[in-house]
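**Q** Got a structure here, written out as structure tokens. Questions coming.
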Amino acid sequence: MQTNFSLAQLANPDTAETEKILRACVHCGFCTATCPTYVLLGDELDSPRGRIYLIKDMLERDAVPGAEVVKHVDRCLSCLSCMTTCPSGVHYMHLVDHGRKHIEEHYRRPLMDRALRTLLVWVLPRPALFRWALRGARLGRPFAGLLRGRLRAMLALAPPAIPAPSPVDRPQVFPAEGSRRARVALLNGCAQTVLDPGINEATIRLLTRHGVEVVVARGAGCCGALTHHLGREAPALRAAKANVAAWIREADGAGLDAVIINTSGCGTTVKDYGFMLRTDAAWADKAARVSALAKDVSEFMIDLGLMPPSREIDLTVAYHAACSLQHGQKITRQPKALLAAAGFTVVDVPESHLCCGSAGTYNLLQPELAGALRDRKAANIVRTEADIVAAGNLGCMVQIGSAVEKPIVHTVELLDWATGGPLPRALVGFKA
């Protein structure tokens with residue numbers, strides 16, 4: 001693709017990177033076939049190729065974007081299916097992130113839109129504040145049917161019960177059982193510690209059972225993905241630096257073999273810290289080290305090797321491939337191989353390349369499109385006739401759980417159960 005950036009514009013490292021990405025695009029359109037919004041809407045501007053043109057024009061002219069451009073960029077899920085499909089290696093993720101940053105800096109959104117986005121930026125990365133917000137949402141759930149649009153979607157996704165905070169999410173070290181084979185840091189995250197702390201508990205049990213010492217590092221917290229994908233660069237980089245500082249401190253102290261992440265959306269972002277902080281001389285090398293250490297828990301466990309299952313399990317699992325795992329991190333076979341090794345019969349969900357509609361805050365900001373994708377995913381899950389659903393991303397679990405009656409369990413909870421851990425909470429009282 002031909003570009004027309006000025007030399008002054010190309011002096012900006014983000015613009016220089018964007019030009020490289022744009023020049024790699026050959027307009028082939030292969031991306032349209034696997035783009036969820038194009039599949040739903042059939043609008044070229046709601047395809048990756050269409051958005052590439054919109055972002056290119058906006059950045060070349062250094063223009064204040066109009067409402068139409070913002071609408072189509074906002075509709076992008078950042079599912080990155082287009083990157084899996086693209087034969088030219090166009091790094092769409094970095095391009096759309098730059099576009100969103102430009103929009104955030106130059107476009108004045110309507111008041112209610114600004115207020116909602118600011119609320120999400122403040123609440124979701126802060127577990128204590130998020131917990132209080134969910135308590136308020138529980139009071140409003142009976143009235144959800146009287147509301148429309150985003151407010152209704154927010155109340156509908158609020159859980160009927162909020163788990164108590166888990167003691168494992170405080171800074172501490174969990175010793176390995178038996179001979180220590182590795183030492184890792186665990187990203188315990190933000191929203192997950194409130195919505196489903198059992199995932200971190202299962203991860204720690206699984207790792208320590210396999211001879212891995214696990215540290216929850218002081219100072220680590222939200223990965224910054226939620227704010228980053230909303231175009232809010234400053235808070236995203238603050239979160240990234242806090243995590244980098246915490247994990248480098250551990251790596252330079254007692255040593256780290258990996259940074260383990262059990263929420264794939266976070267994993268995609270942490271693996272990109274080296275890029276996000278590449279122009280900051282004080283942080284670039286440290287961020288690159290952390291990105292190199294970052295591993296999804298399934299990625300780490302497949303290399304470590306799963307011990308033989310301690311119980312017989314006769315369950316068929318529909319494996320939902322989270323977009324951030326299969327497209328963002330290119331991890332596809334590892335979770336299914338681990339589940340099979342644990343004794344589960346694993347089946348793929350049809351149209352597994354299409355997003356469920358969760359996509360961070362997308363199901364809150366674009367509830368109609370997210371709902372259509374959720375219902376499509378739910379119908380495909382039902383077609384598998386599986387007993388339960390496994391996924392490696394909490395956001396997907398919440399989204400799919402609002403439309404599917406089958407139990408939805410994190411992959412790591414099933415692996416923990418199969419190798420000696422307790423029955424996952426979602427399976428209590430379940431009969432196949």
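By order in the structure tokens, chains are A, B, ...; within a chain, residues start at 1; ligands start at 1, following the order shown.
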Using only C-alpha atoms, determine which residues lie at most 9 Å from Asp387 of chain A, disregarding the query and same-chain residues fewer than 3 positions distant; provide the list as JSON, numbers by chain.

**A** {"A": [315, 316, 317, 318, 384, 406, 407, 431, 432]}

**Q** Can I get the selected residues back with N, CA and C atoms, as a PDB file, in the first residue's frame?

**A**
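Written file, selection13.pdb:
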ATOM      1  N   LEU A 315     -15.908 -37.000  30.588  1.00  0.00           N
ATOM      2  CA  LEU A 315     -16.592 -35.780  30.169  1.00  0.00           C
ATOM      3  C   LEU A 315     -16.067 -35.328  28.808  1.00  0.00           C
ATOM      4  N   THR A 316     -16.983 -34.851  27.979  1.00  0.00           N
ATOM      5  CA  THR A 316     -16.611 -34.259  26.703  1.00  0.00           C
ATOM      6  C   THR A 316     -16.577 -32.743  26.855  1.00  0.00           C
ATOM      7  N   VAL A 317     -15.467 -32.155  26.471  1.00  0.00           N
ATOM      8  CA  VAL A 317     -15.246 -30.713  26.640  1.00  0.00           C
ATOM      9  C   VAL A 317     -15.252 -30.029  25.285  1.00  0.00           C
ATOM     10  N   ALA A 318     -16.110 -29.018  25.144  1.00  0.00           N
ATOM     11  CA  ALA A 318     -16.053 -28.144  23.968  1.00  0.00           C
ATOM     12  C   ALA A 318     -15.022 -27.069  24.267  1.00  0.00           C
ATOM     13  N   THR A 384     -22.042 -28.904  19.412  1.00  0.00           N
ATOM     14  CA  THR A 384     -21.017 -29.891  19.752  1.00  0.00           C
ATOM     15  C   THR A 384     -21.558 -31.026  20.622  1.00  0.00           C
ATOM     16  N   LYS A 406     -24.605 -24.814  29.663  1.00  0.00           N
ATOM     17  CA  LYS A 406     -23.554 -25.755  30.055  1.00  0.00           C
ATOM     18  C   LYS A 406     -22.561 -25.074  31.001  1.00  0.00           C
ATOM     19  N   PRO A 407     -21.980 -25.821  31.930  1.00  0.00           N
ATOM     20  CA  PRO A 407     -20.938 -25.238  32.784  1.00  0.00           C
ATOM     21  C   PRO A 407     -19.741 -24.774  31.955  1.00  0.00           C
ATOM     22  N   LYS A 431     -24.419 -32.774  36.572  1.00  0.00           N
ATOM     23  CA  LYS A 431     -24.537 -34.165  36.127  1.00  0.00           C
ATOM     24  C   LYS A 431     -24.534 -34.173  34.604  1.00  0.00           C
ATOM     25  N   ALA A 432     -23.605 -34.908  34.029  1.00  0.00           N
ATOM     26  CA  ALA A 432     -23.488 -34.938  32.559  1.00  0.00           C
ATOM     27  C   ALA A 432     -24.693 -35.651  31.958  1.00  0.00           C
TER      28      ALA A 432
END

**Q** Would you kindly return, as a VMD selection string, each protein, DNA or RNA residue with an atom no farther than 9 Å from any atom of Ala246 of chain A, considering only C-alpha atoms and excluding same-chain residues fewer than 2 positions away?

**A** chain A and resid 217 to 220 241 to 244 248 to 251

**Q** Residues at most 9 Å from His229 of chain A, counting only C-alpha atoms, excluding those fewer than 6 positions away in the same chain, as a count of residues only?

**A** 8

**Q** For Leu80 of chain A, which residue among A:Pro127, A:Pro65, A:Pro48, A:Gly328 is the nearest when counting only C-alpha atoms?

**A**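 The answer is A:Gly328, which sits nearest to Leu80 of chain A.
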
**Q** Quick one: residues within 12 Å of Tyr53 of chain A, only C-alpha atoms, excluding same-chain residues fewer than 3 positions away - as a count of residues only?

**A** 27
